[in-house]
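Below: data14.txt (compact mmCIF, C-alpha atoms and all ligand atoms)
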# COMPACT_ATOMS: atom_id res chain seq x y z
CA MET A 14 5.90 -44.44 10.05
CA THR A 15 5.76 -41.32 7.93
CA THR A 16 4.61 -41.37 4.35
CA ARG A 17 6.81 -40.14 1.52
CA ARG A 18 4.60 -37.08 1.17
CA GLU A 19 4.97 -36.21 4.85
CA ARG A 20 8.74 -36.62 4.66
CA GLU A 21 8.89 -34.32 1.61
CA GLN A 22 6.89 -31.68 3.43
CA GLN A 23 9.49 -31.56 6.17
CA VAL A 24 12.32 -30.89 3.75
CA VAL A 25 13.42 -27.27 3.54
CA VAL A 26 15.66 -26.44 0.61
CA GLU A 27 17.59 -23.35 -0.42
CA GLY A 28 17.25 -21.83 -3.85
CA ARG A 29 16.93 -18.72 -5.93
CA VAL A 30 13.85 -17.22 -7.57
CA VAL A 31 14.40 -17.44 -11.34
CA ALA A 32 10.91 -16.46 -12.52
CA ASP A 33 8.25 -14.29 -10.98
CA PHE A 34 4.79 -15.13 -12.34
CA GLY A 35 3.07 -12.85 -9.83
CA ARG A 36 1.28 -15.42 -7.69
CA GLU A 37 3.77 -18.22 -8.23
CA PHE A 38 7.53 -18.32 -8.47
CA LEU A 39 10.01 -20.65 -10.11
CA VAL A 40 12.80 -21.49 -7.66
CA GLU A 41 16.08 -23.04 -8.83
CA LEU A 42 17.75 -25.38 -6.33
CA ALA A 43 21.48 -26.06 -5.94
CA ASP A 44 21.24 -29.08 -8.29
CA ARG A 45 19.62 -26.81 -10.95
CA ARG A 46 16.27 -28.51 -10.44
CA GLN A 47 13.43 -25.97 -10.70
CA ILE A 48 10.32 -26.11 -8.54
CA VAL A 49 7.14 -24.05 -8.68
CA CYS A 50 6.55 -22.27 -5.40
CA THR A 51 3.75 -20.35 -3.79
CA ARG A 52 4.13 -17.91 -0.94
CA LYS A 53 1.06 -18.69 1.14
CA GLY A 54 -0.50 -16.30 3.57
CA LYS A 55 2.07 -13.64 2.86
CA ARG A 56 2.27 -10.72 0.53
CA GLN A 57 3.63 -11.75 -2.84
CA ASP A 58 6.91 -10.21 -1.77
CA ALA A 59 9.43 -12.53 -3.43
CA THR A 60 11.04 -11.38 -6.65
CA CYS A 61 13.44 -12.56 -9.33
CA GLY A 62 16.96 -12.91 -7.94
CA ASP A 63 15.85 -13.51 -4.35
CA PHE A 64 17.60 -16.21 -2.33
CA VAL A 65 14.91 -18.20 -0.52
CA GLU A 66 14.21 -21.16 1.71
CA ALA A 67 11.39 -23.31 0.42
CA ARG A 68 9.53 -26.21 1.96
CA LEU A 69 8.88 -29.03 -0.51
CA THR A 70 5.20 -29.85 -0.92
CA GLY A 71 5.65 -32.26 -3.83
CA SER A 72 8.39 -33.49 -6.12
CA ALA A 73 8.45 -30.26 -8.14
CA GLN A 74 6.48 -27.97 -5.87
CA GLY A 75 7.15 -25.95 -2.79
CA SER A 76 6.24 -23.03 -0.65
CA ILE A 77 8.62 -20.14 0.01
CA GLU A 78 9.16 -19.95 3.77
CA ARG A 79 11.79 -17.27 4.08
CA LEU A 80 13.47 -14.61 1.96
CA GLY A 81 17.21 -14.12 2.37
CA THR A 82 18.66 -10.70 3.11
CA ARG A 83 18.77 -8.61 -0.05
CA ARG A 84 21.91 -6.90 -1.27
CA ASN A 85 19.71 -4.54 -3.26
CA LEU A 86 16.17 -4.29 -4.58
CA LEU A 87 14.91 -2.36 -7.56
CA TYR A 88 11.28 -1.35 -7.55
CA ARG A 89 8.86 1.20 -8.85
CA SER A 90 5.81 2.58 -7.16
CA ASP A 91 2.88 4.93 -7.47
CA GLN A 92 0.42 6.09 -4.82
CA TRP A 93 -1.37 2.75 -4.85
CA ARG A 94 1.18 0.01 -5.11
CA GLU A 95 4.79 -1.03 -5.26
CA LYS A 96 6.15 -3.36 -7.89
CA THR A 97 9.45 -5.10 -7.34
CA LEU A 98 11.57 -5.64 -10.44
CA ALA A 99 14.41 -7.79 -9.10
CA ALA A 100 16.75 -8.24 -6.16
CA ASN A 101 20.47 -8.95 -5.72
CA VAL A 102 21.52 -7.85 -9.20
CA ASP A 103 24.98 -6.52 -10.09
CA GLN A 104 23.79 -3.97 -12.63
CA VAL A 105 20.90 -2.72 -14.72
CA VAL A 106 20.99 -2.34 -18.48
CA ILE A 107 18.43 0.23 -19.58
CA LEU A 108 17.52 -0.75 -23.12
CA LEU A 109 16.43 2.02 -25.48
CA ALA A 110 15.54 2.03 -29.16
CA PRO A 111 15.09 4.68 -31.85
CA LYS A 112 11.90 2.98 -33.07
CA PRO A 113 9.49 2.90 -31.33
CA ALA A 114 11.20 6.00 -29.97
CA PHE A 115 12.25 5.70 -26.33
CA SER A 116 11.03 8.26 -23.82
CA GLU A 117 13.71 10.42 -22.27
CA ALA A 118 11.55 10.80 -19.14
CA PHE A 119 11.55 7.01 -18.79
CA LEU A 120 15.34 6.98 -19.10
CA ASN A 121 15.76 9.70 -16.48
CA LEU A 122 13.35 8.03 -14.06
CA SER A 123 15.14 4.70 -14.48
CA LEU A 124 18.48 6.35 -13.78
CA VAL A 125 17.12 7.88 -10.58
CA ALA A 126 15.60 4.57 -9.46
CA CYS A 127 18.84 2.63 -10.05
CA ASP A 128 20.96 5.25 -8.39
CA ALA A 129 18.70 5.41 -5.34
CA ALA A 130 18.95 1.59 -5.11
CA ARG A 131 22.76 1.91 -5.55
CA ILE A 132 22.83 -0.31 -8.63
CA PRO A 133 25.29 0.52 -11.46
CA VAL A 134 23.75 1.24 -14.86
CA VAL A 135 24.62 0.80 -18.52
CA ILE A 136 22.54 2.67 -21.11
CA ALA A 137 22.20 0.56 -24.26
CA LEU A 138 20.74 1.94 -27.46
CA ASN A 139 19.42 -1.04 -29.43
CA LYS A 140 18.41 -1.36 -33.12
CA SER A 141 21.59 0.29 -34.45
CA ASP A 142 20.66 -1.27 -37.79
CA LEU A 143 17.87 1.31 -38.17
CA PRO A 144 18.83 4.67 -39.71
CA GLU A 145 17.02 6.55 -36.92
CA HIS A 146 19.63 5.37 -34.43
CA VAL A 147 22.08 8.15 -35.39
CA ALA A 148 19.91 10.96 -34.02
CA ALA A 149 18.88 8.84 -31.02
CA ARG A 150 22.53 8.18 -30.18
CA ARG A 151 23.31 11.89 -30.36
CA SER A 152 20.55 12.58 -27.85
CA LEU A 153 22.45 10.34 -25.40
CA ASP A 154 25.75 12.26 -25.54
CA GLY A 155 24.80 14.28 -22.48
CA TYR A 156 24.39 11.11 -20.40
CA GLN A 157 27.83 9.90 -21.40
CA HIS A 158 29.19 13.34 -20.52
CA ILE A 159 27.90 13.07 -16.93
CA GLY A 160 29.53 9.68 -16.52
CA TYR A 161 27.13 6.98 -17.68
CA SER A 162 28.31 4.15 -19.94
CA VAL A 163 26.42 4.39 -23.22
CA ILE A 164 26.67 1.64 -25.82
CA THR A 165 25.07 1.06 -29.21
CA MET A 166 24.06 -2.43 -30.30
CA SER A 167 21.64 -4.44 -32.40
CA ALA A 168 19.86 -7.44 -30.92
CA LYS A 169 19.10 -8.45 -34.48
CA PHE A 170 22.64 -8.28 -35.91
CA ASP A 171 25.27 -7.57 -33.27
CA VAL A 172 25.16 -7.86 -29.48
CA ALA A 173 28.98 -7.85 -29.20
CA PRO A 174 29.15 -4.33 -27.70
CA LEU A 175 27.07 -5.56 -24.74
CA LEU A 176 29.14 -8.68 -23.99
CA PRO A 177 32.08 -7.19 -22.04
CA HIS A 178 29.61 -5.44 -19.73
CA LEU A 179 27.80 -8.66 -18.85
CA GLU A 180 30.73 -10.90 -17.92
CA ASN A 181 30.46 -12.54 -14.49
CA LYS A 182 27.50 -10.40 -13.49
CA LEU A 183 23.79 -10.73 -12.95
CA THR A 184 22.24 -8.08 -15.19
CA LEU A 185 18.67 -6.83 -15.03
CA LEU A 186 17.29 -5.66 -18.38
CA VAL A 187 14.67 -2.93 -18.15
CA GLY A 188 13.01 -0.79 -20.76
CA GLN A 189 9.75 0.20 -22.35
CA SER A 190 7.82 -2.34 -24.37
CA GLY A 191 9.20 -2.96 -27.86
CA MET A 192 12.79 -1.85 -27.17
CA GLY A 193 14.08 -5.39 -27.80
CA LYS A 194 14.80 -6.85 -24.34
CA SER A 195 13.59 -10.35 -25.20
CA LYS A 196 15.29 -10.23 -28.59
CA THR A 197 18.53 -9.34 -26.78
CA VAL A 198 18.14 -12.28 -24.40
CA ASN A 199 17.57 -14.64 -27.33
CA ALA A 200 20.67 -13.34 -29.10
CA LEU A 201 22.74 -13.86 -25.94
CA VAL A 202 21.40 -17.34 -25.21
CA MET A 203 21.61 -18.12 -28.94
CA ASN A 204 18.18 -19.64 -28.80
CA GLU A 205 14.56 -18.55 -28.97
CA VAL A 206 14.06 -18.82 -25.23
CA ALA A 207 12.22 -15.56 -24.67
CA ARG A 208 9.17 -14.68 -26.70
CA VAL A 209 9.72 -11.65 -28.90
CA GLY A 210 6.81 -9.35 -29.60
CA GLU A 211 6.63 -8.98 -33.36
CA LEU A 212 5.02 -5.60 -33.66
CA THR A 213 1.87 -5.52 -35.72
CA ALA A 214 1.02 -2.71 -38.10
CA SER A 215 -1.12 -1.18 -35.37
CA LEU A 216 2.08 -0.64 -33.32
CA GLY A 217 1.63 -0.68 -29.57
CA ALA A 218 2.49 -3.82 -27.63
CA GLY A 219 3.39 -6.83 -29.73
CA ALA A 220 1.48 -10.08 -29.49
CA HIS A 221 4.31 -11.65 -27.49
CA THR A 222 4.99 -8.89 -25.07
CA THR A 223 6.76 -10.28 -21.99
CA THR A 224 4.44 -10.74 -19.02
CA PHE A 225 6.77 -11.92 -16.25
CA SER A 226 10.39 -11.55 -15.17
CA ARG A 227 12.72 -14.42 -15.88
CA PHE A 228 16.35 -15.22 -15.19
CA TYR A 229 18.50 -16.72 -17.98
CA ARG A 230 21.94 -18.18 -17.36
CA LEU A 231 24.55 -17.32 -20.02
CA ASP A 232 27.42 -19.20 -18.38
CA ARG A 233 28.37 -20.33 -14.88
CA ASP A 234 28.80 -16.80 -13.49
CA THR A 235 26.81 -14.73 -15.97
CA ALA A 236 23.05 -14.31 -16.11
CA ILE A 237 20.46 -11.85 -17.31
CA ILE A 238 16.89 -11.12 -16.23
CA ASP A 239 14.29 -10.23 -18.88
CA THR A 240 11.39 -8.14 -17.56
CA PRO A 241 8.04 -7.01 -18.91
CA GLY A 242 8.18 -3.54 -20.46
CA PHE A 243 6.34 -0.74 -18.73
CA GLN A 244 5.73 2.88 -19.57
CA SER A 245 6.27 4.80 -16.42
CA PHE A 246 8.88 4.26 -13.75
CA GLY A 247 7.04 5.57 -10.66
CA LEU A 248 9.25 6.83 -7.85
CA PHE A 249 6.63 7.50 -5.19
CA HIS A 250 8.73 5.62 -2.60
CA LEU A 251 11.68 8.01 -2.77
CA THR A 252 12.19 11.18 -0.73
CA GLU A 253 12.98 14.50 -2.40
CA ASP A 254 16.52 14.31 -1.05
CA GLN A 255 17.01 10.85 -2.53
CA ILE A 256 15.86 12.14 -5.90
CA GLY A 257 18.24 15.12 -5.72
CA GLU A 258 21.17 12.92 -4.76
CA ALA A 259 20.37 10.51 -7.58
CA MET A 260 20.95 13.31 -10.12
CA ARG A 261 24.64 12.54 -10.33
CA GLU A 262 25.79 15.82 -11.92
CA PHE A 263 24.05 17.77 -9.12
CA ARG A 264 26.28 16.21 -6.46
CA PRO A 265 29.19 18.68 -6.55
CA TYR A 266 26.69 21.48 -5.86
CA LEU A 267 24.52 19.86 -3.17
CA GLY A 268 25.02 21.45 0.23
CA ARG A 269 26.14 24.73 -1.36
CA CYS A 270 22.71 26.33 -1.72
CA LYS A 271 21.80 29.32 0.44
CA PHE A 272 19.02 27.41 2.21
CA ASN A 273 19.69 24.02 3.81
CA ASP A 274 16.35 22.65 2.67
CA CYS A 275 16.68 24.02 -0.88
CA ALA A 276 14.77 21.83 -3.36
CA HIS A 277 16.41 23.57 -6.37
CA LEU A 278 13.09 24.72 -7.79
CA SER A 279 13.31 28.53 -7.76
CA GLU A 280 14.87 29.36 -4.39
CA PRO A 281 17.28 32.32 -4.27
CA GLY A 282 20.95 31.40 -3.92
CA CYS A 283 20.45 27.89 -5.32
CA ALA A 284 23.83 26.43 -6.36
CA VAL A 285 22.22 23.88 -8.68
CA ILE A 286 20.22 26.48 -10.61
CA ALA A 287 23.31 28.70 -10.81
CA ALA A 288 25.34 25.78 -12.19
CA ALA A 289 22.67 25.17 -14.83
CA ALA A 290 22.76 28.87 -15.79
CA ARG A 291 26.54 28.54 -16.32
CA GLY A 292 25.93 25.46 -18.50
CA GLU A 293 27.52 23.06 -15.99
CA ILE A 294 24.23 21.17 -15.57
CA GLY A 295 22.07 20.39 -18.61
CA ALA A 296 18.88 22.45 -18.82
CA GLU A 297 16.80 19.36 -19.73
CA ARG A 298 18.05 17.40 -16.73
CA LEU A 299 17.29 20.28 -14.34
CA SER A 300 13.84 20.68 -15.86
CA PHE A 301 13.19 16.90 -15.65
CA TYR A 302 14.15 17.03 -11.97
CA GLN A 303 11.99 20.10 -11.21
CA VAL A 304 8.90 18.66 -12.92
CA LEU A 305 9.45 15.37 -11.08
CA ILE A 306 9.67 17.11 -7.69
CA GLU A 307 6.52 19.14 -8.41
CA GLN A 308 4.58 16.02 -9.41
CA HIS A 309 5.97 14.20 -6.40
CA ARG A 310 4.72 16.94 -4.05
CA GLU A 311 1.27 16.91 -5.61
CA LEU A 312 0.97 13.14 -5.24
CA HIS A 313 2.22 13.18 -1.66
CA GLU A 314 -0.18 16.01 -0.76
CA LEU A 315 -3.06 13.97 -2.17
CA HIS A 316 -1.89 10.89 -0.27
CA PRO A 317 -0.32 12.10 2.98
CA GLU A 318 -1.06 8.71 4.54
CA TRP A 319 1.77 7.24 2.48
CA SER A 320 4.29 10.01 2.91
CA ARG A 321 7.35 9.51 5.00
N1 LIG A 401 15.49 -3.76 -36.53
C1 LIG A 401 15.60 -4.27 -35.32
N2 LIG A 401 14.50 -4.72 -34.69
C2 LIG A 401 14.67 -5.23 -33.44
C3 LIG A 401 15.92 -5.27 -32.78
N3 LIG A 401 15.74 -5.79 -31.55
C4 LIG A 401 14.43 -6.05 -31.43
N4 LIG A 401 13.77 -5.73 -32.56
C5 LIG A 401 12.32 -5.87 -32.82
O1 LIG A 401 11.60 -5.09 -31.88
C6 LIG A 401 10.37 -5.71 -31.53
C7 LIG A 401 10.22 -5.86 -30.04
O2 LIG A 401 11.20 -6.75 -29.54
P1 LIG A 401 11.06 -7.47 -28.12
O3 LIG A 401 12.36 -8.15 -27.85
O4 LIG A 401 9.84 -8.29 -28.04
O5 LIG A 401 10.88 -6.19 -27.18
P2 LIG A 401 10.73 -6.20 -25.57
O6 LIG A 401 11.57 -5.06 -25.10
O7 LIG A 401 11.04 -7.54 -25.03
O8 LIG A 401 9.18 -5.82 -25.39
P3 LIG A 401 8.21 -6.23 -24.12
O9 LIG A 401 8.37 -7.68 -23.84
O10 LIG A 401 6.84 -5.86 -24.63
O11 LIG A 401 8.62 -5.36 -22.98
C8 LIG A 401 10.36 -7.04 -32.29
O12 LIG A 401 9.63 -6.85 -33.48
C9 LIG A 401 11.83 -7.29 -32.57
O13 LIG A 401 12.04 -8.11 -33.69
C10 LIG A 401 17.07 -4.78 -33.50
O14 LIG A 401 18.20 -4.77 -33.03
N5 LIG A 401 16.84 -4.29 -34.75
MG MG A 402 9.93 -8.88 -23.93
ZN ZN A 403 19.35 24.47 -4.47
Serialized structure, structure tokens:
Amino acid sequence: MTTRREREQQVVVEGRVVADFGREFLVELADRRQIVCTRKGKRQDATCGDFVEARLTGSAQGSIERLGTRRNLLYRSDQWREKTLAANVDQVVILLAPKPAFSEAFLNLSLVACDAARIPVVIALNKSDLPEHVAARRSLDGYQHIGYSVITMSAKFDVAPLLPHLENKLTLLVGQSGMGKSKTVNALVMNEVARVGELTASLGAGAHTTTFSRFYRLDRDTAIIDTPGFQSFGLFHLTEDQIGEAMREFRPYLGRCKFNDCAHLSEPGCAVIAAAARGEIGAERLSFYQVLIEQHRELHELHPEWSR
């Protein structure tokens, strides 16, 4: 005779990670039941969006036994650690705001990370109800020019411009703290499901800044993942070539430099630098790229043990 508890422990179920609390994960099963899972003895390597097999250890508890193959994985990294953001998403919406003012470096780093992970991107400027949005929107013209979708919206008053982009997709929302990711999720779900950080007079992170990633279903085939804001999108895990290829307007010129191993910093006969001099590549984007490569080299020289 086996006890009920023993029988439950033998049951392996399939599900999807819908919240990543760091040490524990919320896994949604086929019948929409959600169980809290650990991942014992392993690295905490599961992430929101992962398909998993879990062994039941109680009526609403389990342990993740196996991760399914990932279609894609977005993560950031520095010399010390890697942080997964989500897996198996259809697209990323990078949420920006005019106030607090978004960082253009953050935007460029996010674009490189998404491109290197082969995940399509939409750039969304939120808080269009604020007067500062006009200048902020103008600063995004260059991104639209090189082929990115740029939309303007207000989580507070009008999320309609975002809707057609979300349909039948799993979207990952990323952005710095205070841009309005959680407010956007609440507007889409039409409920106060995600805690919004009402900024205090001191500015900085609100009291309700998001601390873990969570998946919200909008309809049967549409869902969105809210993530905690962060300030710097570290790309330590990428190679210099991957970074160069992720600069989409560089692509027509790659392979045309005088030297095969040209890093487009100051080498003679560089096709990328020549294109920038003719105005075919934006000076700010080239300078962002060059500073990134220089920082990347410094970090990798300090930590050769991690370099590929
Ligand atoms: N005026 C205006 N304020 C907004 C809009 N969207 C969000 N906010 C405000 O911006 C602040 C931050 O919003 P959140 O949704 O908590 O921002 P977040 O991106 O989730 O921030 P983290 O969780 O810290 O990463 C709150 O005070 C919101 O009320 C908007 O469209 N217009
Ligand atoms: Mg939030
Ligand atoms: Zn070059």
Selection within 9 Å of ligand MG 402 (chain A) by only C-alpha atoms and all ligand atoms, output as a ChimeraX atom specification: /A:190-196,198,207-210,219,221-225,239-242
Residues near region 255-267 of chain A, cut-off 6 Å, all atoms listed in the file, skip fewer than 5 positions along chain, as an NGL selection string: :A and (125 or 128-129 or 284-285)
Could you dump the residues just selected with C-alpha atoms as an mmCIF file, in the frame of the given file?
data_model
loop_
_atom_site.group_PDB
_atom_site.id
_atom_site.type_symbol
_atom_site.label_atom_id
_atom_site.label_comp_id
_atom_site.auth_asym_id
_atom_site.auth_seq_id
_atom_site.Cartn_x
_atom_site.Cartn_y
_atom_site.Cartn_z
ATOM 1 C CA VAL A 125 17.120 7.880 -10.580
ATOM 2 C CA ASP A 128 20.960 5.250 -8.390
ATOM 3 C CA ALA A 129 18.700 5.410 -5.340
ATOM 4 C CA ALA A 284 23.830 26.430 -6.360
ATOM 5 C CA VAL A 285 22.220 23.880 -8.680
#
Hey, which of A:Leu305, A:Val49, A:Leu120, A:Leu186 ends up closest to Leu98 (chain A)? Count all atoms listed in the file.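 Closest to Leu98 (chain A), using all atoms listed in the file: A:Leu186.
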Could I get the residue neighbourhood of ligand ZN 403 (chain A) at 6 Å, counting all atoms listed in the file, as a list of chain:residue names? A:Cys270, A:Cys275, A:Ala276, A:His277, A:Cys283, A:Ala284, A:Val285
Within 12 Å of region 168-171 of chain A, counting all atoms listed in the file, which residues qualify if same-chain residues fewer than 2 places away don't, as an mmCIF file with C-alpha atoms, in the frame of the given file?
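Output contents, as saved in around_24.cif:
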data_model
loop_
_atom_site.group_PDB
_atom_site.id
_atom_site.type_symbol
_atom_site.label_atom_id
_atom_site.label_comp_id
_atom_site.auth_asym_id
_atom_site.auth_seq_id
_atom_site.Cartn_x
_atom_site.Cartn_y
_atom_site.Cartn_z
ATOM 1 C CA LEU A 108 17.520 -0.750 -23.120
ATOM 2 C CA LEU A 109 16.430 2.020 -25.480
ATOM 3 C CA ALA A 110 15.540 2.030 -29.160
ATOM 4 C CA ALA A 137 22.200 0.560 -24.260
ATOM 5 C CA LEU A 138 20.740 1.940 -27.460
ATOM 6 C CA ASN A 139 19.420 -1.040 -29.430
ATOM 7 C CA LYS A 140 18.410 -1.360 -33.120
ATOM 8 C CA SER A 141 21.590 0.290 -34.450
ATOM 9 C CA ASP A 142 20.660 -1.270 -37.790
ATOM 10 C CA LEU A 143 17.870 1.310 -38.170
ATOM 11 C CA ILE A 164 26.670 1.640 -25.820
ATOM 12 C CA THR A 165 25.070 1.060 -29.210
ATOM 13 C CA MET A 166 24.060 -2.430 -30.300
ATOM 14 C CA ALA A 173 28.980 -7.850 -29.200
ATOM 15 C CA PRO A 174 29.150 -4.330 -27.700
ATOM 16 C CA LEU A 175 27.070 -5.560 -24.740
ATOM 17 C CA LEU A 176 29.140 -8.680 -23.990
ATOM 18 C CA GLY A 191 9.200 -2.960 -27.860
ATOM 19 C CA MET A 192 12.790 -1.850 -27.170
ATOM 20 C CA GLY A 193 14.080 -5.390 -27.800
ATOM 21 C CA LYS A 194 14.800 -6.850 -24.340
ATOM 22 C CA SER A 195 13.590 -10.350 -25.200
ATOM 23 C CA LYS A 196 15.290 -10.230 -28.590
ATOM 24 C CA THR A 197 18.530 -9.340 -26.780
ATOM 25 C CA VAL A 198 18.140 -12.280 -24.400
ATOM 26 C CA ASN A 199 17.570 -14.640 -27.330
ATOM 27 C CA ALA A 200 20.670 -13.340 -29.100
ATOM 28 C CA LEU A 201 22.740 -13.860 -25.940
ATOM 29 C CA VAL A 202 21.400 -17.340 -25.210
ATOM 30 C CA MET A 203 21.610 -18.120 -28.940
ATOM 31 C CA VAL A 209 9.720 -11.650 -28.900
#
Give me the residues near region 50-54 of chain A as a list in words, where near means some atom within 9 Å (using all atoms listed in the file) and where sequence neighbours in that chain fewer than 5 positions away do not count.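 The residues that qualify are Arg36, Glu37, Phe38, Leu39, Val40, Ala59, Ala67, Arg68, Leu69, Thr70, Ala73, Gln74, Gly75, Ser76, Ile77 and Glu78 of chain A.
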If you take every atom of region 23-36 of chain A that the file lists and fit an axis-aligned box around them with 6 Å extra on each side, what centre and edge lengths come out in Å to one decimal, as AutoDock Vina command-line options?
--center_x 9.4 --center_y -22.2 --center_z -3.2 --size_x 28.3 --size_y 30.7 --size_z 30.7
Could you add N, CA and C atoms to region 84-103 of chain A and give me the result as a PDB file, keeping the file's coordinate frame?
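Here's the written file rebuild.pdb:
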ATOM      1  N   ARG A  84      20.797  -7.824  -1.061  1.00  0.00           N
ATOM      2  CA  ARG A  84      21.910  -6.900  -1.270  1.00  0.00           C
ATOM      3  C   ARG A  84      21.378  -5.592  -1.859  1.00  0.00           C
ATOM      4  N   ASN A  85      20.404  -5.725  -2.731  1.00  0.00           N
ATOM      5  CA  ASN A  85      19.710  -4.540  -3.260  1.00  0.00           C
ATOM      6  C   ASN A  85      18.357  -4.984  -3.803  1.00  0.00           C
ATOM      7  N   LEU A  86      17.512  -4.000  -4.081  1.00  0.00           N
ATOM      8  CA  LEU A  86      16.170  -4.290  -4.580  1.00  0.00           C
ATOM      9  C   LEU A  86      15.750  -3.122  -5.459  1.00  0.00           C
ATOM     10  N   LEU A  87      15.381  -3.431  -6.690  1.00  0.00           N
ATOM     11  CA  LEU A  87      14.910  -2.360  -7.560  1.00  0.00           C
ATOM     12  C   LEU A  87      13.394  -2.439  -7.626  1.00  0.00           C
ATOM     13  N   TYR A  88      12.727  -1.330  -7.353  1.00  0.00           N
ATOM     14  CA  TYR A  88      11.280  -1.350  -7.550  1.00  0.00           C
ATOM     15  C   TYR A  88      10.761   0.003  -7.974  1.00  0.00           C
ATOM     16  N   ARG A  89       9.525  -0.032  -8.466  1.00  0.00           N
ATOM     17  CA  ARG A  89       8.860   1.200  -8.850  1.00  0.00           C
ATOM     18  C   ARG A  89       7.568   1.273  -8.060  1.00  0.00           C
ATOM     19  N   SER A  90       6.999   2.451  -7.986  1.00  0.00           N
ATOM     20  CA  SER A  90       5.810   2.580  -7.160  1.00  0.00           C
ATOM     21  C   SER A  90       5.004   3.803  -7.588  1.00  0.00           C
ATOM     22  N   ASP A  91       3.703   3.732  -7.363  1.00  0.00           N
ATOM     23  CA  ASP A  91       2.880   4.930  -7.470  1.00  0.00           C
ATOM     24  C   ASP A  91       2.134   5.043  -6.150  1.00  0.00           C
ATOM     25  N   GLN A  92       1.099   5.876  -6.101  1.00  0.00           N
ATOM     26  CA  GLN A  92       0.420   6.090  -4.820  1.00  0.00           C
ATOM     27  C   GLN A  92      -0.357   4.869  -4.356  1.00  0.00           C
ATOM     28  N   TRP A  93      -0.567   3.905  -5.235  1.00  0.00           N
ATOM     29  CA  TRP A  93      -1.370   2.750  -4.850  1.00  0.00           C
ATOM     30  C   TRP A  93      -0.564   1.490  -4.570  1.00  0.00           C
ATOM     31  N   ARG A  94       0.491   1.276  -5.327  1.00  0.00           N
ATOM     32  CA  ARG A  94       1.180   0.010  -5.110  1.00  0.00           C
ATOM     33  C   ARG A  94       2.662   0.084  -5.471  1.00  0.00           C
ATOM     34  N   GLU A  95       3.372  -0.902  -4.957  1.00  0.00           N
ATOM     35  CA  GLU A  95       4.790  -1.030  -5.260  1.00  0.00           C
ATOM     36  C   GLU A  95       4.973  -2.273  -6.101  1.00  0.00           C
ATOM     37  N   LYS A  96       5.904  -2.209  -7.029  1.00  0.00           N
ATOM     38  CA  LYS A  96       6.150  -3.360  -7.890  1.00  0.00           C
ATOM     39  C   LYS A  96       7.643  -3.626  -7.889  1.00  0.00           C
ATOM     40  N   THR A  97       8.030  -4.782  -7.347  1.00  0.00           N
ATOM     41  CA  THR A  97       9.450  -5.100  -7.340  1.00  0.00           C
ATOM     42  C   THR A  97       9.863  -5.577  -8.730  1.00  0.00           C
ATOM     43  N   LEU A  98      11.075  -5.215  -9.129  1.00  0.00           N
ATOM     44  CA  LEU A  98      11.570  -5.640 -10.440  1.00  0.00           C
ATOM     45  C   LEU A  98      12.543  -6.798 -10.305  1.00  0.00           C
ATOM     46  N   ALA A  99      13.465  -6.704  -9.351  1.00  0.00           N
ATOM     47  CA  ALA A  99      14.410  -7.790  -9.100  1.00  0.00           C
ATOM     48  C   ALA A  99      15.254  -7.432  -7.888  1.00  0.00           C
ATOM     49  N   ALA A 100      15.889  -8.452  -7.326  1.00  0.00           N
ATOM     50  CA  ALA A 100      16.750  -8.240  -6.160  1.00  0.00           C
ATOM     51  C   ALA A 100      18.121  -8.855  -6.419  1.00  0.00           C
ATOM     52  N   ASN A 101      19.124  -8.359  -5.702  1.00  0.00           N
ATOM     53  CA  ASN A 101      20.470  -8.950  -5.720  1.00  0.00           C
ATOM     54  C   ASN A 101      21.098  -8.964  -7.114  1.00  0.00           C
ATOM     55  N   VAL A 102      20.909  -7.899  -7.870  1.00  0.00           N
ATOM     56  CA  VAL A 102      21.520  -7.850  -9.200  1.00  0.00           C
ATOM     57  C   VAL A 102      22.824  -7.042  -9.106  1.00  0.00           C
ATOM     58  N   ASP A 103      23.718  -7.258 -10.084  1.00  0.00           N
ATOM     59  CA  ASP A 103      24.980  -6.520 -10.090  1.00  0.00           C
ATOM     60  C   ASP A 103      24.853  -5.213 -10.865  1.00  0.00           C
TER      61      ASP A 103
END
